[in-house]
There are 2 protein chains.
Amino acid sequence: MSVSKTAATEASKTRKEAGEGGSEHALQMGELSELLGYLMKRAQLKVFEDFLRCVAPLQLTPAQFSVLLLVDRNPGRNQTEIANTLGILRPNFVSMLDNLESRDLCMRMRSTNDRRSHILVLTDKGRAVLARAKKLVATKHEARLNELLGPANRTALLAMLTKIAAEF
Amino acid sequence: MSVSKTAATEASKTRKEAGEGGSEHALQMGELSELLGYLMKRAQLKVFEDFLRCVAPLQLTPAQFSVLLLVDRNPGRNQTEIANTLGILRPNFVSMLDNLESRDLCMRMRSTNDRRSHILVLTDKGRAVLARAKKLVATKHEARLNELLGPANRTALLAMLTKIAAEF
DNA sequence: TAATAATTGTTATTGACCATATCAAATATT
DNA sequence: AATATTTGATATGGTCAATAACAATTATTA
């Protein structure tokens, strides 16, 4: 089982092999393959990757999509409220909105009640893009998860992630 | 220096939780609460937060912990091999090792076979810290997941994350 | 009402993280 | 021997996350 250090170093010189990416022997993952954070991070990166692929025609990141969703569902809210709900810090939300506004997906409107705040509204184009994005996400992205896990497991996974996000 | 990690966790107390605070009504999350990427990212952040808390006495990030684990389990491997396995780019792995080496947790040794490469080895202190870290992770971090989900669900979650990380 | 505090959006800045190009030394290939 | 590839390293740019600070506005309170 255990390999001596000299044998291991010897082995390191031996190989070049055809395979995926790494041309060496696979390393022992050890307890890494049971480490929640490691698996979660790896999975999350894959999910974001796939999201970007699926919604690439619309040039929307996951964060941008979530902003459009939330603004659409919550008319009359200001920047701070939207940003807080998404866990985005207010300073960092500014450039994000600048981007969406420059692409005519979203608009800042001065509130009549409180002239400090900007009420956020989707433009017609913003609503149209959001609708197309939702369709792409549902038919390509989330559908992929269904194929991989099955509907029951998918539901279970989302429930567990929700619980972790809320109570961990 | 390098208190940025603790500073970040300290700052989490300042951060307002999404949808909390009795003054404002909670926003409608809409299909956000069913969006895989959103939930995954939120959950992942919580998990990393908790990991940092649990292993704070040892001042190890999840990434550093994974490096120690992998080096320990794979004696005789060089930087490229370890970095590749963890999905870390070689240039970015350099400063990471500089850090671990400066803390006397890890050592670079010139290979006798190939004088270009650095064989990575844990120091005695590195092995000791790793052992303590493993214990903290098991008894505080992963145990927390068990309490939250139960053993069966925890196993199911890890399996699904593994599948997503591998096949998505 | 006047003075003070708090809030909103914003700018500036910093540090962490990810990615690419490039380099010298060493090794592999031709 | 000449050329190509690999390894660790440096430099650099981009994206995020986080903090401090500021002007305009609103809320508080003395």
# chains A, B, ... in the order shown; residues from 1 in each chain; ligands from 1
>>> residues_around(residues="DT11 (chain C)", least_positions_apart="6", cutoff="12 Å", atoms="only C-alpha atoms (C1' of nucleotides)", output="list in words")
Pro91, Asn92, Val94 and Ser95 of chain A; DA20, DA21, DC22 and DA23 of chain D
>>> interface_residues(of="chain B", to="chain D", cutoff="10 Å", atoms="only C-alpha atoms (C1' of nucleotides)", output="number ranges by chain")
B: 7-8, 11, 78-80, 90-91, 93-95, 114-118
>>> calpha_fit_rmsd(fixed="chain B", moving="chain A")
10.9 Å
>>> interface_residues(of="chain C", to="chain A", cutoff="8 Å", atoms="only C-alpha atoms (C1' of nucleotides)", output="VMD selection string")
chain C and resid 8 to 10
>>> closest_atom_pairs(of="chain A", to="chain B", cutoff="7 Å", atoms="only C-alpha atoms", output="tab-separated table")
residue	atom	partner	partner_atom	distance
A:Lys5	CA	B:Gly76	CA	6.5
A:Ala8	CA	B:Gly76	CA	5.4
A:Thr9	CA	B:Gly76	CA	5.0
A:Ser12	CA	B:Arg77	CA	6.8
A:Lys13	CA	B:Asn113	CA	6.4
A:Leu27	CA	B:Asn74	CA	6.5
A:Gln28	CA	B:Arg73	CA	6.3
A:Met29	CA	B:Leu70	CA	6.5
A:Gly30	CA	B:Arg73	CA	6.5
A:Leu32	CA	B:Ser66	CA	6.8
A:Glu34	CA	B:Leu158	CA	6.9
A:Leu36	CA	B:Leu158	CA	6.8
A:Gly37	CA	B:Val47	CA	5.9
A:Leu39	CA	B:Leu161	CA	5.8
A:Met40	CA	B:Gln44	CA	5.8
A:Lys41	CA	B:Gln44	CA	6.2
A:Arg42	CA	B:Ala165	CA	5.4
A:Ala43	CA	B:Ala165	CA	4.2
A:Gln44	CA	B:Met40	CA	5.8
A:Lys46	CA	B:Ala165	CA	6.1
A:Val47	CA	B:Gly37	CA	5.9
A:Phe48	CA	B:Gly37	CA	6.1
A:Ser66	CA	B:Leu32	CA	6.7
A:Leu70	CA	B:Met29	CA	6.5
A:Arg73	CA	B:Gln28	CA	6.3
A:Asn74	CA	B:Gln28	CA	6.3
A:Asn84	CA	B:Ala18	CA	5.5
A:Thr85	CA	B:Ala18	CA	4.3
A:Leu86	CA	B:Ala18	CA	6.7
A:Gly87	CA	B:Ala18	CA	6.3
A:Leu157	CA	B:Leu157	CA	6.6
A:Leu158	CA	B:Leu36	CA	6.8
A:Leu161	CA	B:Ala43	CA	5.7
A:Thr162	CA	B:Leu39	CA	6.1
A:Ile164	CA	B:Ala43	CA	5.5
A:Ala165	CA	B:Ala43	CA	4.2
A:Phe168	CA	B:Lys46	CA	6.2
>>> select_by_dssp(residues="chain A", states="strand (DSSP E)", output="PyMOL selection string")
chain A and resi 106-110+118-122
>>> atom_distance(atom1="CA of Arg110 (chain A)", atom2="CA of Ala131 (chain A)")
25.7 Å
>>> select_by_dssp(residues="chain A", states="helix (DSSP H, G or I)", output="number ranges by chain")
A: 5-13, 30-34, 36-54, 56-58, 62-73, 79-86, 90-102, 124-149, 151-167
